[in-house]
Amino acid sequence: MATFWVICLVPLVLLVAKLFDRAPPKIFGVYSRPGGLFWPKAVWMLGLLWLKRLAGRLRPQAPDYYTALERPQPLPDTALAVDAVYFNATNREGDCLFVGTARRPLRLVDTFLYLKVGELGLLQLPLLPDSAHFNTGEELSYQAGGVHIKCLEPMKVWTVEYQGELREADDPARLHDVTIKGVFTSGEPCFNSSTDLDVWSMAKALALEPWSRAFFKNVKAAHQLHYEQFGVLEADVQVGGAAFKLRLDTVRDHSVGAHRDWASYQRYALHWLTAANGDHVAIGALCHPGCYSRLHFGYLYRARDARMLPISDCDLQLHQQGEQGTPPRDYAFTFKAGGHAYDVQLTLLRTPHFYISQRWEAKLYECQCRARVNGLPAWGGVEWQYRNVGGRPTPQ
């Protein structure tokens, strides 16, 4: 019966929103601002999202749900399908390893790797800033360009390996023979964006936008399965004749979708931090025109009681930070989780960039940072994304 009334009310709500929701001009023509019906729309959307969340909880999750996901997934039969894994690993001493593979149709694998160990400068894959590699091994695997990522035990143990040359980011002529053998382990819970996001934050983000059938169709089409988990990556690294043993606080994520179109993303900033008390913070701000131009999302893992708390509020506004195409080097923001407020201060230490996919639709900065969370020292990584309107340059 509830579903019947929702179906009946949807056309009426869309009509009212169309007639009365007079929104002010968008900031820079991109970022939506609250219209006259913002609060009624937000409350109505909150109700719908809660009903959807409740329906999901009434259907018990299969015991092997993540077991089936923790392996390379068959790609949907669409031109922009994606199956991606990513590791963002840092420590207090200043070492870092950022590595990702995104499987696309026709064996294309968007691949990048950055490594910083000891007193050596930042090292990166020789092909960067081009990330377009091709998998020449087993098709259902996360491997390309010398990178090989594999799950050994679902939600507990992964391996990250690399064998080949890396070049210095500051001196492209200098190449080093590098071997990385890393093992990621975790006993922490994961955060699934489909089931764990704060519904009030999502409701407000959707209420900011002009509503229409096309709008909701875009939101549905853009949905991707995404979950992530913090843990520890222990790695043996050899650079030439030098050997290093690393222990890195790490977040890994896995995304699967039928339609990841980098050309549709305007900007985002994703932060993954580990504080000195063991807390983990993951928080993002996203501008995806046509779906949500001002969405905040994320979570806090509170170490003292091992609780995962969704981010319920955040004042980081993309249009106020790095709008001209370069990430800010020093900035701050606040967020709320579990009924408490948190202040975050960040300084970006390194900001190398690359272009993703064959047409270079987006430019991504993989940034190492140091931070303070409510005064406590913290470290981690930040990924800033910008729409690359010019695309891949024409070869000369």
# chains A, B, ... in the order shown; residues from 1 in each chain; ligands from 1
$ select_by_dssp --residues "stretch 125-248 of chain A" --states "alpha helix (DSSP H)" --output "ChimeraX atom specification"
/A:193-196,199-207,213-222
$ residues_around --residues "stretch 107-114 of chain A" --least-positions-apart "5" --cutoff "7 Å" --atoms "only C-alpha atoms" --output "ChimeraX atom specification"
/A:97-102,122-125,131-135,139,144,356-357
$ write_last_selection --atoms "N, CA and C atoms" --output "short mmCIF file (atom, residue, chain, number, x, y, z; two decimals), in the first residue's frame"
data_model
loop_
_atom_site.label_atom_id
_atom_site.label_comp_id
_atom_site.auth_asym_id
_atom_site.auth_seq_id
_atom_site.Cartn_x
_atom_site.Cartn_y
_atom_site.Cartn_z
N LEU A 97 52.25 4.91 -0.63
CA LEU A 97 52.03 4.11 -1.83
C LEU A 97 50.59 4.33 -2.25
N PHE A 98 50.41 4.92 -3.43
CA PHE A 98 49.08 5.10 -4.00
C PHE A 98 49.02 4.27 -5.27
N VAL A 99 48.08 3.33 -5.34
CA VAL A 99 48.01 2.45 -6.50
C VAL A 99 46.56 2.10 -6.79
N GLY A 100 46.22 2.10 -8.07
CA GLY A 100 44.86 1.77 -8.46
C GLY A 100 44.80 1.14 -9.83
N THR A 101 43.82 0.24 -9.99
CA THR A 101 43.53 -0.35 -11.30
C THR A 101 42.03 -0.31 -11.51
N ALA A 102 41.61 0.13 -12.69
CA ALA A 102 40.19 0.16 -13.02
C ALA A 102 39.98 -0.58 -14.33
N LEU A 122 59.77 11.19 -5.04
CA LEU A 122 58.55 10.49 -5.45
C LEU A 122 58.80 9.74 -6.75
N LEU A 123 58.40 8.46 -6.79
CA LEU A 123 58.52 7.62 -7.98
C LEU A 123 57.13 7.32 -8.53
N GLN A 124 57.05 7.10 -9.86
CA GLN A 124 55.76 6.85 -10.48
C GLN A 124 55.93 5.95 -11.69
N LEU A 125 54.81 5.37 -12.14
CA LEU A 125 54.85 4.54 -13.35
C LEU A 125 55.40 5.35 -14.53
N SER A 131 47.34 7.08 -17.99
CA SER A 131 47.03 5.92 -17.16
C SER A 131 46.45 4.75 -17.96
N ALA A 132 46.35 4.88 -19.28
CA ALA A 132 45.70 3.86 -20.10
C ALA A 132 46.65 2.70 -20.38
N HIS A 133 46.46 1.59 -19.66
CA HIS A 133 47.20 0.35 -19.88
C HIS A 133 46.23 -0.72 -20.38
N PHE A 134 46.78 -1.84 -20.79
CA PHE A 134 45.95 -2.96 -21.22
C PHE A 134 46.40 -4.23 -20.52
N ASN A 135 45.44 -5.03 -20.12
CA ASN A 135 45.70 -6.29 -19.44
C ASN A 135 46.03 -7.35 -20.49
N GLU A 139 42.09 -12.21 -18.01
CA GLU A 139 41.19 -11.08 -18.17
C GLU A 139 40.52 -10.69 -16.85
N ALA A 144 48.02 -4.82 -14.73
CA ALA A 144 48.39 -4.08 -15.94
C ALA A 144 49.60 -3.23 -15.59
N ILE A 356 43.01 10.27 -16.68
CA ILE A 356 42.44 8.94 -16.62
C ILE A 356 41.68 8.58 -17.88
N SER A 357 41.83 7.33 -18.27
CA SER A 357 41.18 6.69 -19.39
C SER A 357 41.77 7.16 -20.72
#
$ atom_distance --atom1 "atom CA of A:Trp379" --atom2 "atom CA of A:Lys363"
23.3 Å
$ residues_around --residues "stretch 28-44 of chain A" --least-positions-apart "6" --cutoff "9 Å" --atoms "only C-alpha atoms" --output "ChimeraX atom specification"
/A:13,17,20-22,200,202-210,266,287,289,292-294,318-319
$ write_last_selection --atoms "N, CA and C atoms" --output "PDB file, in the first residue's frame"
ATOM      1  N   VAL A  13       4.411  15.606  -6.883  1.00  0.00           N
ATOM      2  CA  VAL A  13       5.560  16.294  -6.289  1.00  0.00           C
ATOM      3  C   VAL A  13       6.426  16.935  -7.368  1.00  0.00           C
ATOM      4  N   ALA A  17       7.181  20.937  -7.690  1.00  0.00           N
ATOM      5  CA  ALA A  17       8.561  21.410  -7.708  1.00  0.00           C
ATOM      6  C   ALA A  17       8.835  22.223  -8.964  1.00  0.00           C
ATOM      7  N   PHE A  20       6.885  25.777  -8.516  1.00  0.00           N
ATOM      8  CA  PHE A  20       7.138  26.691  -7.403  1.00  0.00           C
ATOM      9  C   PHE A  20       8.584  26.738  -6.919  1.00  0.00           C
ATOM     10  N   ASP A  21       9.410  25.826  -7.366  1.00  0.00           N
ATOM     11  CA  ASP A  21      10.779  25.772  -6.849  1.00  0.00           C
ATOM     12  C   ASP A  21      11.680  26.703  -7.647  1.00  0.00           C
ATOM     13  N   ARG A  22      11.586  27.994  -7.383  1.00  0.00           N
ATOM     14  CA  ARG A  22      12.392  28.983  -8.077  1.00  0.00           C
ATOM     15  C   ARG A  22      13.760  29.070  -7.414  1.00  0.00           C
ATOM     16  N   TRP A 200      20.223  11.907   5.559  1.00  0.00           N
ATOM     17  CA  TRP A 200      19.877  13.327   5.582  1.00  0.00           C
ATOM     18  C   TRP A 200      20.815  14.125   4.676  1.00  0.00           C
ATOM     19  N   MET A 202      22.293  12.965   1.991  1.00  0.00           N
ATOM     20  CA  MET A 202      21.885  12.653   0.629  1.00  0.00           C
ATOM     21  C   MET A 202      20.587  13.367   0.259  1.00  0.00           C
ATOM     22  N   ALA A 203      19.634  13.409   1.192  1.00  0.00           N
ATOM     23  CA  ALA A 203      18.352  14.070   0.923  1.00  0.00           C
ATOM     24  C   ALA A 203      18.560  15.553   0.614  1.00  0.00           C
ATOM     25  N   LYS A 204      19.421  16.224   1.382  1.00  0.00           N
ATOM     26  CA  LYS A 204      19.674  17.649   1.153  1.00  0.00           C
ATOM     27  C   LYS A 204      20.373  17.872  -0.188  1.00  0.00           C
ATOM     28  N   ALA A 205      21.298  16.987  -0.535  1.00  0.00           N
ATOM     29  CA  ALA A 205      21.995  17.135  -1.813  1.00  0.00           C
ATOM     30  C   ALA A 205      21.037  16.987  -2.984  1.00  0.00           C
ATOM     31  N   LEU A 206      20.120  16.047  -2.902  1.00  0.00           N
ATOM     32  CA  LEU A 206      19.142  15.863  -3.973  1.00  0.00           C
ATOM     33  C   LEU A 206      18.135  17.005  -4.019  1.00  0.00           C
ATOM     34  N   ALA A 207      17.801  17.550  -2.844  1.00  0.00           N
ATOM     35  CA  ALA A 207      16.822  18.649  -2.797  1.00  0.00           C
ATOM     36  C   ALA A 207      17.365  19.934  -3.399  1.00  0.00           C
ATOM     37  N   LEU A 208      18.682  20.078  -3.467  1.00  0.00           N
ATOM     38  CA  LEU A 208      19.272  21.278  -4.069  1.00  0.00           C
ATOM     39  C   LEU A 208      19.008  21.381  -5.569  1.00  0.00           C
ATOM     40  N   GLU A 209      18.798  20.237  -6.227  1.00  0.00           N
ATOM     41  CA  GLU A 209      18.747  20.209  -7.687  1.00  0.00           C
ATOM     42  C   GLU A 209      17.327  20.373  -8.213  1.00  0.00           C
ATOM     43  N   PRO A 210      17.178  20.914  -9.435  1.00  0.00           N
ATOM     44  CA  PRO A 210      15.853  20.959 -10.073  1.00  0.00           C
ATOM     45  C   PRO A 210      15.381  19.536 -10.374  1.00  0.00           C
ATOM     46  N   GLN A 266      32.347  16.941 -12.647  1.00  0.00           N
ATOM     47  CA  GLN A 266      32.962  18.262 -12.674  1.00  0.00           C
ATOM     48  C   GLN A 266      34.182  18.335 -11.760  1.00  0.00           C
ATOM     49  N   CYS A 287      31.010  17.137  -6.959  1.00  0.00           N
ATOM     50  CA  CYS A 287      30.171  17.905  -7.874  1.00  0.00           C
ATOM     51  C   CYS A 287      29.991  17.088  -9.146  1.00  0.00           C
ATOM     52  N   PRO A 289      27.353  17.328 -11.919  1.00  0.00           N
ATOM     53  CA  PRO A 289      26.184  18.024 -12.473  1.00  0.00           C
ATOM     54  C   PRO A 289      25.222  17.052 -13.149  1.00  0.00           C
ATOM     55  N   TYR A 292      24.068  15.496  -8.533  1.00  0.00           N
ATOM     56  CA  TYR A 292      24.192  16.271  -7.297  1.00  0.00           C
ATOM     57  C   TYR A 292      25.440  17.131  -7.425  1.00  0.00           C
ATOM     58  N   SER A 293      25.250  18.420  -7.393  1.00  0.00           N
ATOM     59  CA  SER A 293      26.373  19.341  -7.581  1.00  0.00           C
ATOM     60  C   SER A 293      27.076  19.672  -6.273  1.00  0.00           C
ATOM     61  N   ARG A 294      26.459  19.338  -5.125  1.00  0.00           N
ATOM     62  CA  ARG A 294      27.076  19.642  -3.827  1.00  0.00           C
ATOM     63  C   ARG A 294      26.738  18.533  -2.836  1.00  0.00           C
ATOM     64  N   LEU A 318      33.455  22.996  -2.469  1.00  0.00           N
ATOM     65  CA  LEU A 318      34.395  22.922  -3.580  1.00  0.00           C
ATOM     66  C   LEU A 318      34.586  24.260  -4.278  1.00  0.00           C
ATOM     67  N   HIS A 319      33.519  25.041  -4.401  1.00  0.00           N
ATOM     68  CA  HIS A 319      33.651  26.305  -5.137  1.00  0.00           C
ATOM     69  C   HIS A 319      34.514  27.317  -4.386  1.00  0.00           C
TER      70      HIS A 319
END
$ residues_around --residues "A:Ser312" --least-positions-apart "3" --cutoff "8 Å" --atoms "only C-alpha atoms" --output "NGL selection string"
:A and (198 or 200-201 or 297 or 335-337)
$ write_last_selection --atoms "N, CA, C and O atoms" --output "PDB file, in the first residue's frame"
ATOM      1  N   ASP A 198      24.873   8.677   5.216  1.00  0.00           N
ATOM      2  CA  ASP A 198      23.901   9.435   5.996  1.00  0.00           C
ATOM      3  C   ASP A 198      22.771   9.892   5.080  1.00  0.00           C
ATOM      4  O   ASP A 198      22.997  10.632   4.114  1.00  0.00           O
ATOM      5  N   TRP A 200      20.223  11.907   5.559  1.00  0.00           N
ATOM      6  CA  TRP A 200      19.877  13.327   5.582  1.00  0.00           C
ATOM      7  C   TRP A 200      20.815  14.125   4.676  1.00  0.00           C
ATOM      8  O   TRP A 200      20.380  15.037   3.975  1.00  0.00           O
ATOM      9  N   SER A 201      22.092  13.787   4.666  1.00  0.00           N
ATOM     10  CA  SER A 201      23.032  14.462   3.765  1.00  0.00           C
ATOM     11  C   SER A 201      22.650  14.217   2.312  1.00  0.00           C
ATOM     12  O   SER A 201      22.685  15.130   1.476  1.00  0.00           O
ATOM     13  N   PHE A 297      29.875  13.263   1.798  1.00  0.00           N
ATOM     14  CA  PHE A 297      29.678  11.883   2.230  1.00  0.00           C
ATOM     15  C   PHE A 297      30.945  11.394   2.926  1.00  0.00           C
ATOM     16  O   PHE A 297      32.018  11.992   2.800  1.00  0.00           O
ATOM     17  N   PHE A 335      33.431  18.786  10.256  1.00  0.00           N
ATOM     18  CA  PHE A 335      32.381  17.812   9.960  1.00  0.00           C
ATOM     19  C   PHE A 335      31.815  17.297  11.274  1.00  0.00           C
ATOM     20  O   PHE A 335      32.400  17.503  12.348  1.00  0.00           O
ATOM     21  N   LYS A 336      30.689  16.623  11.175  1.00  0.00           N
ATOM     22  CA  LYS A 336      30.061  16.017  12.350  1.00  0.00           C
ATOM     23  C   LYS A 336      29.876  14.523  12.117  1.00  0.00           C
ATOM     24  O   LYS A 336      29.570  14.084  11.007  1.00  0.00           O
ATOM     25  N   ALA A 337      30.057  13.775  13.194  1.00  0.00           N
ATOM     26  CA  ALA A 337      29.829  12.327  13.154  1.00  0.00           C
ATOM     27  C   ALA A 337      29.534  11.847  14.562  1.00  0.00           C
ATOM     28  O   ALA A 337      30.207  12.252  15.516  1.00  0.00           O
TER      29      ALA A 337
END
$ residues_around --residues "A:Pro352" --least-positions-apart "6" --cutoff "10 Å" --atoms "only C-alpha atoms" --output "PyMOL selection string"
chain A and resi 114+122+124+128-129+169-170+364-368
$ residues_around --residues "A:Ala89" --least-positions-apart "6" --cutoff "8 Å" --atoms "only C-alpha atoms" --output "list in words"
Cys96, Leu97, Phe98, Leu233, Leu248, Asp249, Thr250, Val251, Gly380 and Gly381 of chain A
$ residues_around --residues "stretch 321-326 of chain A" --least-positions-apart "5" --cutoff "9 Å" --atoms "only C-alpha atoms" --output "compact mmCIF listing (two decimals) with N, CA and C atoms, in the first residue's frame"
# COMPACT_ATOMS: atom_id res chain seq x y z
N ARG A 267 33.98 17.95 -10.48
CA ARG A 267 35.07 18.01 -9.50
C ARG A 267 34.74 17.10 -8.32
N LEU A 316 33.00 21.76 3.91
CA LEU A 316 33.95 21.89 2.81
C LEU A 316 33.18 22.16 1.52
N TYR A 331 44.34 24.08 3.77
CA TYR A 331 42.93 24.42 3.95
C TYR A 331 42.39 23.67 5.17
N TYR A 365 44.63 14.46 -9.13
CA TYR A 365 45.80 14.74 -8.29
C TYR A 365 45.80 13.74 -7.13
N TRP A 384 42.12 14.80 -5.55
CA TRP A 384 41.35 15.89 -6.14
C TRP A 384 41.14 15.58 -7.63
N GLN A 385 39.91 15.70 -8.09
CA GLN A 385 39.59 15.44 -9.49
C GLN A 385 39.03 16.69 -10.14
N TYR A 386 39.43 16.92 -11.41
CA TYR A 386 38.91 18.02 -12.21
C TYR A 386 38.51 17.48 -13.59
N ARG A 387 37.45 18.02 -14.13
CA ARG A 387 37.07 17.71 -15.51
C ARG A 387 38.14 18.26 -16.45
$ atom_distance --atom1 "atom CA of A:Gly145" --atom2 "atom CA of A:Tyr268"
26.2 Å
$ closest_residue --among "A:Thr78, A:Pro172, A:Arg71, A:Phe230" --to "A:Glu153" --atoms "only C-alpha atoms"
A:Arg71
$ closest_residue --among "A:Phe216, A:Asp261, A:Val389, A:Ala235" --to "A:Gly290" --atoms "only C-alpha atoms"
A:Phe216
$ select_by_dssp --residues "stretch 11-224 of chain A" --states "strand (DSSP E)" --output "PyMOL selection string"
chain A and resi 82-90+96-103+108-116+123-124+132-134+142-144+147-153+157-168+175-185+191-192
$ closest_residue --among "A:Val160, A:Leu225, A:Ala23, A:Ala214" --to "A:Tyr66" --atoms "only C-alpha atoms"
A:Leu225
$ atom_distance --atom1 "atom CA of A:Gln358" --atom2 "atom CA of A:Gly121"
27.9 Å
$ closest_residue --among "A:Gly231, A:Pro24, A:Gly182, A:Gly240" --to "A:Met155" --atoms "only C-alpha atoms"
A:Gly231
